[in-house]
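Okay, work.tsv is below, TSV, C-alpha atoms and all ligand atoms:
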chain	number	residue	atom	x	y	z
B	204	MET	CA	19.83	-2.71	-23.57
B	205	PRO	CA	17.23	-5.25	-24.59
B	206	ALA	CA	14.29	-4.16	-26.67
B	207	ALA	CA	12.68	-2.67	-23.57
B	208	ARG	CA	10.64	0.38	-24.28
B	209	ALA	CA	12.47	3.34	-22.87
B	210	ARG	CA	9.41	4.36	-20.90
B	211	GLN	CA	10.50	6.67	-18.12
B	212	VAL	CA	9.00	6.45	-14.70
B	213	SER	CA	8.86	9.48	-12.50
B	214	ARG	CA	9.46	9.06	-8.81
B	215	PRO	CA	6.96	10.86	-6.61
B	216	LYS	CA	8.49	12.82	-3.75
B	217	ALA	CA	8.71	10.83	-0.53
B	218	GLU	CA	7.28	12.36	2.58
B	219	PRO	CA	9.79	13.24	5.30
B	220	ARG	CA	9.65	10.90	8.27
B	221	SER	CA	9.70	13.83	10.67
B	222	ALA	CA	6.23	14.72	9.45
B	223	GLN	CA	4.72	11.85	11.43
B	224	PRO	CA	1.75	13.01	13.43
B	225	SER	CA	1.60	12.24	17.12
B	226	SER	CA	-2.17	11.85	17.05
B	227	PRO	CA	-3.72	9.04	19.09
B	228	ALA	CA	-3.65	5.60	17.55
B	229	ARG	CA	-6.59	4.82	15.33
B	230	CYS	CA	-6.60	2.12	12.71
B	231	ASP	CA	-6.76	3.68	9.30
B	232	ILE	CA	-8.07	1.10	6.84
B	233	LEU	CA	-8.12	1.43	3.05
B	234	LYS	CA	-11.25	0.21	1.30
B	235	ALA	CA	-11.63	-0.57	-2.39
B	236	PRO	CA	-14.54	1.19	-4.17
B	237	VAL	CA	-14.99	-1.91	-6.32
B	238	PHE	CA	-16.37	-3.81	-3.28
B	239	GLN	CA	-18.44	-1.00	-1.82
B	240	ASP	CA	-21.85	-2.16	-3.04
B	241	LEU	CA	-21.45	-5.70	-1.70
B	242	PRO	CA	-23.09	-5.72	1.75
B	243	TRP	CA	-22.27	-9.42	2.29
B	244	LEU	CA	-18.55	-8.73	2.03
B	245	VAL	CA	-15.99	-7.52	4.58
B	246	HIS	CA	-12.59	-6.34	3.37
B	247	GLY	CA	-9.81	-3.90	4.15
B	248	PHE	CA	-6.14	-3.04	3.72
B	249	SER	CA	-4.34	-1.97	6.89
B	250	THR	CA	-1.88	0.94	7.07
B	251	ARG	CA	0.70	1.95	9.72
B	252	TYR	CA	-1.93	4.03	11.52
B	253	GLY	CA	-3.19	2.53	14.76
B	254	GLY	CA	-1.73	-0.15	16.98
B	255	VAL	CA	0.80	-0.24	19.78
B	256	SER	CA	4.05	-1.37	18.14
B	257	ILE	CA	7.10	0.89	18.24
B	258	PRO	CA	9.47	0.06	15.38
B	259	PRO	CA	13.20	0.43	16.16
B	260	TYR	CA	14.96	3.72	15.29
B	261	VAL	CA	11.69	5.62	15.06
B	262	THR	CA	11.78	8.90	16.98
B	263	SER	CA	8.01	9.28	17.24
B	264	LYS	CA	6.47	7.26	20.06
B	265	ARG	CA	3.25	6.87	18.13
B	266	GLY	CA	2.12	3.24	18.19
B	267	GLU	CA	2.07	1.51	14.82
B	268	LEU	CA	-0.07	-1.24	13.40
B	269	ASN	CA	2.38	-4.05	12.72
B	270	LEU	CA	0.28	-7.14	11.98
B	271	GLY	CA	2.93	-9.69	11.10
B	272	GLN	CA	5.68	-11.53	12.92
B	273	VAL	CA	8.90	-9.55	12.69
B	274	LYS	CA	12.04	-9.79	14.83
B	275	TRP	CA	11.66	-6.37	16.45
B	276	ASP	CA	8.07	-6.81	17.66
B	277	THR	CA	6.52	-8.81	20.47
B	278	ALA	CA	3.77	-11.41	20.22
B	279	ALA	CA	1.70	-9.37	22.69
B	280	SER	CA	1.86	-6.21	20.54
B	281	ILE	CA	1.00	-8.11	17.37
B	282	ALA	CA	-1.98	-9.73	19.10
B	283	GLU	CA	-3.20	-6.34	20.35
B	284	ASN	CA	-2.73	-4.79	16.88
B	285	ARG	CA	-4.71	-7.61	15.28
B	286	ARG	CA	-7.45	-7.13	17.85
B	287	GLN	CA	-7.64	-3.40	17.02
B	288	PHE	CA	-7.61	-4.05	13.28
B	289	ILE	CA	-10.39	-6.68	13.50
B	290	GLU	CA	-12.46	-4.35	15.67
B	291	ALA	CA	-12.00	-1.43	13.26
B	292	LEU	CA	-12.98	-3.40	10.14
B	293	PRO	CA	-15.32	-4.47	11.86
B	294	ALA	CA	-14.98	-8.25	11.66
B	295	LYS	CA	-15.23	-9.48	15.21
B	296	LYS	CA	-17.43	-12.44	14.31
B	297	PHE	CA	-14.86	-13.81	11.87
B	298	GLN	CA	-12.14	-16.38	12.28
B	299	LEU	CA	-8.89	-14.89	10.97
B	300	LEU	CA	-6.89	-17.23	8.74
B	301	THR	CA	-3.25	-16.43	8.03
B	302	LEU	CA	-0.66	-18.19	5.89
B	303	ASN	CA	3.01	-18.91	6.23
B	304	GLN	CA	3.83	-17.09	2.99
B	305	ILE	CA	6.65	-18.48	0.89
B	306	HIS	CA	6.44	-16.57	-2.47
B	307	SER	CA	4.94	-19.64	-4.14
B	308	ASP	CA	1.85	-20.33	-6.24
B	309	LEU	CA	0.42	-22.59	-3.53
B	310	LEU	CA	-3.29	-21.98	-2.94
B	311	ARG	CA	-5.38	-23.10	0.03
B	312	SER	CA	-9.12	-23.47	-0.09
B	313	TYR	CA	-11.37	-23.84	2.92
B	314	GLY	CA	-14.77	-25.46	2.94
B	315	ALA	CA	-17.12	-26.01	5.84
B	316	GLU	CA	-14.23	-27.47	7.83
B	317	GLY	CA	-12.55	-24.05	7.57
B	318	ALA	CA	-13.24	-23.23	11.18
B	319	ASN	CA	-11.10	-26.22	12.15
B	320	ALA	CA	-8.35	-25.49	9.65
B	321	LYS	CA	-4.92	-25.30	11.14
B	322	ALA	CA	-4.57	-21.56	11.20
B	323	SER	CA	-3.66	-18.80	13.54
B	324	ASN	CA	-6.19	-16.37	14.91
B	325	SER	CA	-6.14	-12.99	16.53
B	326	ASP	CA	-5.32	-14.44	19.94
B	327	SER	CA	-2.23	-16.33	18.85
B	328	PRO	CA	-0.55	-14.59	15.95
B	329	CYS	CA	2.59	-16.64	16.23
B	330	ARG	CA	1.07	-20.07	15.93
B	331	ASP	CA	2.25	-21.85	12.79
B	332	SER	CA	-0.01	-21.42	9.78
B	333	LEU	CA	-0.31	-23.44	6.61
B	334	ARG	CA	2.29	-22.69	3.97
B	335	GLY	CA	1.01	-20.95	0.88
B	336	ASP	CA	0.33	-17.64	-0.84
B	337	GLY	CA	-3.35	-17.71	-1.66
B	338	GLN	CA	-6.57	-18.53	0.17
B	339	ILE	CA	-10.03	-19.20	-1.24
B	340	THR	CA	-13.36	-19.81	0.46
B	341	ALA	CA	-17.11	-19.72	-0.05
B	342	GLN	CA	-17.62	-20.28	3.67
B	343	PRO	CA	-19.09	-17.33	5.59
B	344	GLY	CA	-17.29	-16.29	8.77
B	345	LEU	CA	-13.74	-16.91	7.60
B	346	LEU	CA	-11.46	-13.88	7.21
B	347	LEU	CA	-8.77	-14.62	4.62
B	348	SER	CA	-5.62	-12.58	5.08
B	349	ILE	CA	-2.36	-11.67	3.36
B	350	LEU	CA	0.60	-10.03	5.08
B	351	SER	CA	2.80	-7.72	3.05
B	352	ALA	CA	5.23	-4.82	3.09
B	353	ASP	CA	5.76	-4.20	-0.66
B	354	CYS	CA	4.39	-7.35	-2.32
B	355	LEU	CA	0.90	-6.92	-3.75
B	356	PRO	CA	-2.11	-8.10	-1.79
B	357	ILE	CA	-4.86	-9.07	-4.25
B	358	LEU	CA	-8.43	-9.53	-3.03
B	359	ILE	CA	-11.03	-11.17	-5.28
B	360	ALA	CA	-14.81	-11.48	-4.83
B	361	ASP	CA	-17.27	-13.46	-6.93
B	362	THR	CA	-20.49	-11.42	-6.78
B	363	ARG	CA	-22.71	-14.23	-8.10
B	364	GLN	CA	-21.43	-17.32	-6.26
B	365	ARG	CA	-20.19	-15.42	-3.19
B	366	VAL	CA	-16.67	-16.75	-3.17
B	367	VAL	CA	-13.65	-14.77	-1.96
B	368	ALA	CA	-9.90	-15.06	-2.40
B	369	ALA	CA	-6.82	-13.36	-0.97
B	370	ILE	CA	-3.57	-13.63	-2.93
B	371	HIS	CA	0.02	-12.65	-2.11
B	372	ALA	CA	1.86	-11.59	-5.26
B	373	GLY	CA	5.46	-10.43	-5.12
B	374	TRP	CA	7.59	-10.79	-8.23
B	375	ARG	CA	8.09	-14.51	-7.66
B	376	GLY	CA	4.39	-15.22	-7.20
B	377	THR	CA	3.56	-13.00	-10.16
B	378	LEU	CA	6.07	-14.91	-12.28
B	379	ARG	CA	4.29	-18.12	-11.22
B	380	ARG	CA	0.94	-16.54	-12.19
B	381	ILE	CA	-0.57	-16.96	-8.74
B	382	ALA	CA	-3.41	-14.47	-9.40
B	383	GLN	CA	-4.41	-16.26	-12.57
B	384	LYS	CA	-4.20	-19.64	-10.85
B	385	GLY	CA	-6.34	-18.29	-8.01
B	386	VAL	CA	-9.07	-17.34	-10.46
B	387	GLY	CA	-8.72	-20.76	-12.12
B	388	ARG	CA	-9.21	-22.45	-8.76
B	389	MET	CA	-12.32	-20.35	-8.05
B	390	MET	CA	-13.74	-21.41	-11.41
B	391	MET	CA	-12.91	-25.06	-10.83
B	392	LEU	CA	-14.12	-25.36	-7.23
B	393	HIS	CA	-17.03	-22.93	-7.20
B	394	GLY	CA	-18.08	-22.41	-10.79
B	395	SER	CA	-17.00	-18.78	-10.75
B	396	ARG	CA	-17.28	-16.87	-14.03
B	397	PRO	CA	-14.73	-14.14	-14.85
B	398	GLU	CA	-17.52	-11.66	-15.61
B	399	ASP	CA	-18.77	-11.90	-12.02
B	400	LEU	CA	-15.38	-11.27	-10.43
B	401	ARG	CA	-14.21	-8.03	-8.86
B	402	VAL	CA	-10.61	-7.50	-7.86
B	403	ALA	CA	-8.81	-5.03	-5.60
B	404	ILE	CA	-5.02	-4.75	-5.77
B	405	GLY	CA	-3.89	-3.19	-2.50
B	406	PRO	CA	-0.89	-1.08	-1.50
B	407	GLY	CA	2.44	-2.45	-2.72
B	408	ILE	CA	5.63	-1.29	-4.34
B	409	ARG	CA	4.94	0.35	-7.69
B	410	ALA	CA	6.97	0.75	-10.85
B	411	CYS	CA	8.26	4.11	-9.56
B	412	CYS	CA	10.32	2.33	-6.88
B	413	PHE	CA	10.59	-1.36	-7.76
B	414	GLU	CA	14.07	-1.67	-9.15
B	415	VAL	CA	15.07	-5.16	-10.29
B	416	GLY	CA	18.08	-6.63	-12.03
B	417	GLU	CA	18.48	-8.23	-15.41
B	418	ASP	CA	17.83	-11.69	-13.90
B	419	VAL	CA	14.24	-10.75	-13.04
B	420	LEU	CA	13.74	-9.19	-16.46
B	421	ARG	CA	15.00	-12.39	-18.12
B	422	ALA	CA	12.78	-14.56	-15.92
B	423	PHE	CA	9.69	-12.58	-16.94
B	424	GLU	CA	10.79	-12.65	-20.55
B	425	SER	CA	10.87	-16.45	-20.43
B	426	GLN	CA	7.33	-16.67	-19.04
B	427	PHE	CA	5.30	-13.90	-20.64
B	428	ASN	CA	4.65	-12.65	-24.14
B	429	GLN	CA	4.99	-8.89	-24.25
B	430	SER	CA	6.92	-8.96	-20.95
B	431	MET	CA	8.86	-5.86	-22.02
B	432	LYS	CA	5.76	-3.76	-21.44
B	433	LEU	CA	6.16	-4.52	-17.74
B	434	PHE	CA	9.60	-2.95	-17.44
B	435	ALA	CA	10.76	0.63	-17.61
B	436	LEU	CA	14.14	2.27	-17.28
B	437	PRO	CA	14.92	4.06	-13.99
B	438	PRO	CA	14.17	7.79	-13.84
B	439	GLU	CA	16.49	9.79	-16.14
B	440	ARG	CA	18.55	11.40	-13.38
B	441	GLU	CA	19.50	8.02	-11.88
B	442	ARG	CA	21.03	6.63	-15.05
B	443	PRO	CA	24.76	7.07	-15.63
B	444	PHE	CA	25.77	10.08	-17.73
B	445	ALA	CA	27.40	7.86	-20.37
B	446	GLU	CA	24.19	5.88	-20.81
B	447	ARG	CA	22.02	8.99	-21.10
B	448	HIS	CA	24.35	10.41	-23.71
B	449	ALA	CA	25.24	7.21	-25.50
B	450	LEU	CA	25.83	8.93	-28.84
B	451	MET	CA	28.61	11.04	-27.37
B	452	TYR	CA	30.30	7.93	-26.05
B	453	ARG	CA	29.84	5.66	-29.04
B	454	ASN	CA	33.52	5.67	-29.99
B	455	VAL	CA	34.91	5.33	-26.50
B	456	ILE	CA	36.45	1.96	-25.69
B	457	LYS	CA	34.24	0.10	-23.26
B	458	TYR	CA	35.62	-1.29	-20.05
B	459	PRO	CA	33.11	-3.97	-19.10
B	460	LEU	CA	34.46	-4.24	-15.56
B	461	LEU	CA	33.59	-0.61	-14.94
B	462	GLU	CA	30.03	-0.98	-16.20
B	463	LYS	CA	27.42	-1.20	-13.51
B	464	PRO	CA	24.78	-3.92	-13.88
B	465	LYS	CA	21.66	-2.52	-15.52
B	466	LYS	CA	18.55	-1.88	-13.45
B	467	TYR	CA	14.94	-1.87	-14.55
B	468	HIS	CA	11.69	-0.88	-12.94
B	469	LEU	CA	9.11	-3.66	-12.82
B	470	ASP	CA	5.40	-2.85	-12.88
B	471	LEU	CA	3.93	-5.63	-10.75
B	472	VAL	CA	0.46	-4.12	-10.88
B	473	MET	CA	0.41	-4.15	-14.66
B	474	ALA	CA	1.75	-7.72	-14.65
B	475	ASN	CA	-1.11	-8.90	-12.45
B	476	VAL	CA	-3.78	-6.86	-14.21
B	477	SER	CA	-2.76	-8.41	-17.52
B	478	GLN	CA	-2.96	-11.91	-16.00
B	479	LEU	CA	-6.44	-11.14	-14.71
B	480	THR	CA	-7.75	-9.57	-17.92
B	481	GLU	CA	-6.25	-12.49	-19.85
B	482	VAL	CA	-8.65	-14.86	-18.07
B	483	GLY	CA	-11.61	-12.61	-18.87
B	484	ILE	CA	-12.00	-10.21	-15.93
B	485	ALA	CA	-13.04	-6.77	-17.18
B	486	ALA	CA	-10.45	-4.05	-16.51
B	487	LYS	CA	-13.20	-1.85	-15.03
B	488	ASN	CA	-13.73	-4.47	-12.32
B	489	ILE	CA	-10.09	-4.34	-11.18
B	490	TRP	CA	-9.23	-1.59	-8.68
B	491	THR	CA	-5.56	-0.58	-8.84
B	492	ALA	CA	-5.49	2.90	-7.29
B	493	ALA	CA	-3.79	1.99	-3.99
B	494	PRO	CA	-0.61	4.04	-3.32
B	495	CYS	CA	3.00	2.89	-3.54
B	496	THR	CA	4.25	1.57	-0.19
B	497	HIS	CA	7.82	2.72	-0.85
B	498	CYS	CA	6.78	6.32	-1.67
B	499	HIS	CA	4.59	6.79	1.43
B	500	PRO	CA	6.60	6.14	4.60
B	501	ARG	CA	4.03	7.71	6.91
B	502	GLN	CA	1.24	5.50	5.65
B	503	PHE	CA	2.88	2.19	4.83
B	504	PHE	CA	5.62	-0.22	5.80
B	505	SER	CA	8.05	-1.01	3.00
B	506	HIS	CA	10.55	-3.82	3.19
B	507	ARG	CA	12.59	-2.34	0.35
B	508	ARG	CA	12.84	0.98	2.18
B	509	ASP	CA	13.11	-0.07	5.81
B	510	ALA	CA	14.52	-3.62	5.58
B	511	LEU	CA	14.52	-5.28	9.01
B	512	ARG	CA	12.81	-2.27	10.62
B	513	ALA	CA	9.70	-2.74	8.48
B	514	GLY	CA	6.46	-4.06	9.94
B	515	ARG	CA	3.75	-5.86	7.98
B	516	MET	CA	0.38	-4.68	6.73
B	517	MET	CA	-2.58	-7.05	6.54
B	518	SER	CA	-5.19	-7.28	3.79
B	519	VAL	CA	-8.36	-9.21	4.50
B	520	ILE	CA	-11.54	-10.37	2.80
B	521	GLY	CA	-14.44	-12.47	4.07
B	522	ILE	CA	-18.11	-13.33	3.67
B	523	ARG	CA	-20.30	-12.13	6.55
B	524	PRO	CA	-21.55	-14.97	8.73
C	601	ZN	ZN	7.04	4.45	-5.36

Once more with this new file: its structure as structure tokens, please.
Ligand SMILES: [Zn+2]
Amino acid sequence: MPAARARQVSRPKAEPRSAQPSSPARCDILKAPVFQDLPWLVHGFSTRYGGVSIPPYVTSKRGELNLGQVKWDTAASIAENRRQFIEALPAKKFQLLTLNQIHSDLLRSYGAEGANAKASNSDSPCRDSLRGDGQITAQPGLLLSILSADCLPILIADTRQRVVAAIHAGWRGTLRRIAQKGVGRMMMLHGSRPEDLRVAIGPGIRACCFEVGEDVLRAFESQFNQSMKLFALPPERERPFAERHALMYRNVIKYPLLEKPKKYHLDLVMANVSQLTEVGIAAKNIWTAAPCTHCHPRQFFSHRRDALRAGRMMSVIGIRP
């Protein structure tokens, strides 16, 4: 074991799928308290609640709010779900901008030409979008969006200059410091100051459930000082008996072929918070209380949990026109 701190993570109990309510569809949107006193701002994180999509192998016939292109859903359902989501925000006067997300550190910024940017909108969810994983604008009327089903959606607002950003940060984007680069771009293009920035990190997979291999641990180690703080061992009961009672086994001959590869739990939220505080954003201005997508099957899609049956949530931020 590397010098990782043997911090244990406890796994919250998952809710049983059978507990799904059959109540009528209504979009349930998470809002971040950190943005609540900004009347010029529109934002929200979607959940599974609402919509008309029926994911495969789901017994309940309750419609679900899948907002991204996935193999099991139709373009018509996605368009209707986006319409419902936009109406519920409400953000009907906005132009929705999506990205073709590729787990990169590629950022897109939109100026006054934003309305003409090659981007999809609520009427045509399947039209090709620009490639990238972050969007920035100071232009009112544009609704920046991130699609996710475990990766972290990060929304940023500059309260002085009125600039907004939406960032997609999975482990690859986090490794490439996309959140930090997003803030850097806001400073460069719009004169943003870290002390004026507020950040909301939306629902994503948390350290309780985000198991990664040694390769990811090594990659983070090569890029970050103190990277070991970001990793924890799996919950005690999931580790092999011999590893939990290493002293008892210290004289036993090791058979490397029988050893399972080690697993670690990565704390993506902590990784992004430390990138953001590193550039000067106060921790009190970063909201991180959104739930774990993997632990809450009723509320959220999770790619880790549901693989190809998972839908996509959408996180949006925009300046009122
Ligand atoms: Zn979890």

Of the listed residues B:Arg421, B:Arg515, B:Arg409, B:Lys465, that which approaches ligand ZN 601 (chain C) most closely, counting all atoms listed in the file: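 Among the listed residues, the smallest separation from ligand ZN 601 (chain C) belongs to B:Arg409.
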
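Distances to ligand ZN 601 (chain C) were evaluated for B:Ile522, B:Ala410, B:Ile489, B:Ala360 using all atoms listed in the file, and the minimum falls at B:Ala410.
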
Site check for ligand ZN 601 (chain C): residues at most 7 Å away, all atoms listed in the file, as a ChimeraX atom specification: /B:214-215,408-412,495-498

Among the residues B:Ser505, B:Gln239, B:Ser312, B:Ser348, the one that comes closest to B:Ile289 [using only C-alpha atoms]: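 Smallest distance to B:Ile289 is found for B:Ser348.
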
For B:Leu310, the nearest of the candidates B:Gly387, B:Gly253, B:Pro500, B:Gly247, counting only C-alpha atoms: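 Closest candidate: B:Gly387.
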
Closest of B:Val419, B:Ile357, B:Ile305, B:Met431 to B:Trp374 - atom-to-atom distances counting all atoms listed in the file: B:Val419

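Every protein or nucleic acid residue with an atom no more than 7 Å from B:Gly376, counting only C-alpha atoms and leaving out same-chain residues fewer than 5 positions away, appears here: His306, Ser307, Asp308 and Ile381 of chain B.
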
Atomic distance atom CA of B:Asp336 - atom CA of B:Pro293, expressed in Å with one decimal: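 Separation between atom CA of B:Asp336 and atom CA of B:Pro293: 24.1 Å.
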
Which residue of B:Arg285, B:Arg311, B:His371, B:Arg401 approaches B:Ile349 most closely, using all atoms listed in the file: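 Of the candidates, the smallest distance to B:Ile349 is held by B:His371.
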
Within 8 Å of B:Gln478, counting all atoms listed in the file, which residues qualify if same-chain residues fewer than 2 places away don't, as a compact mmCIF listing (two decimals) with C-alpha atoms, in the coordinates of the input?
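As a result, part_26.txt now contains:
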# COMPACT_ATOMS: atom_id res chain seq x y z
CA ARG B 380 0.94 -16.54 -12.19
CA ALA B 382 -3.41 -14.47 -9.40
CA GLN B 383 -4.41 -16.26 -12.57
CA ALA B 474 1.75 -7.72 -14.65
CA ASN B 475 -1.11 -8.90 -12.45
CA VAL B 476 -3.78 -6.86 -14.21
CA THR B 480 -7.75 -9.57 -17.92
CA GLU B 481 -6.25 -12.49 -19.85
CA VAL B 482 -8.65 -14.86 -18.07

Separation of atom CA of B:Thr262 from atom CA of B:Leu355 in Å: 28.3 Å

Who sits within 12 Å of B:Ala291, all atoms listed in the file, same chain under 5 positions skipped, as a count of residues only: 18

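Note that the spacing between atom CA of B:Thr377 and atom CA of B:Gly394 amounts to 23.6 Å.
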
Stretch 511-513 of chain B surroundings by all atoms listed in the file, 8 Å radius, close-in-sequence under 4 positions cut, as a PyMOL selection string: chain B and resi 258-260+273-275+352+504-506

Determine, counting all atoms listed in the file, which protein, DNA and RNA residues have an atom within 9 Å of an atom of B:Val386; residues of the same chain fewer than 5 positions away are not included. Present the result as a PDB file with C-alpha atoms, keeping the file's coordinate frame.
ATOM      1  CA  ILE B 359     -11.030 -11.170  -5.280  1.00  0.00           C
ATOM      2  CA  ALA B 368      -9.900 -15.060  -2.400  1.00  0.00           C
ATOM      3  CA  ILE B 381      -0.570 -16.960  -8.740  1.00  0.00           C
ATOM      4  CA  MET B 391     -12.910 -25.060 -10.830  1.00  0.00           C
ATOM      5  CA  SER B 395     -17.000 -18.780 -10.750  1.00  0.00           C
ATOM      6  CA  ARG B 396     -17.280 -16.870 -14.030  1.00  0.00           C
ATOM      7  CA  PRO B 397     -14.730 -14.140 -14.850  1.00  0.00           C
ATOM      8  CA  LEU B 400     -15.380 -11.270 -10.430  1.00  0.00           C
ATOM      9  CA  LEU B 479      -6.440 -11.140 -14.710  1.00  0.00           C
ATOM     10  CA  VAL B 482      -8.650 -14.860 -18.070  1.00  0.00           C
TER      11      VAL B 482
END
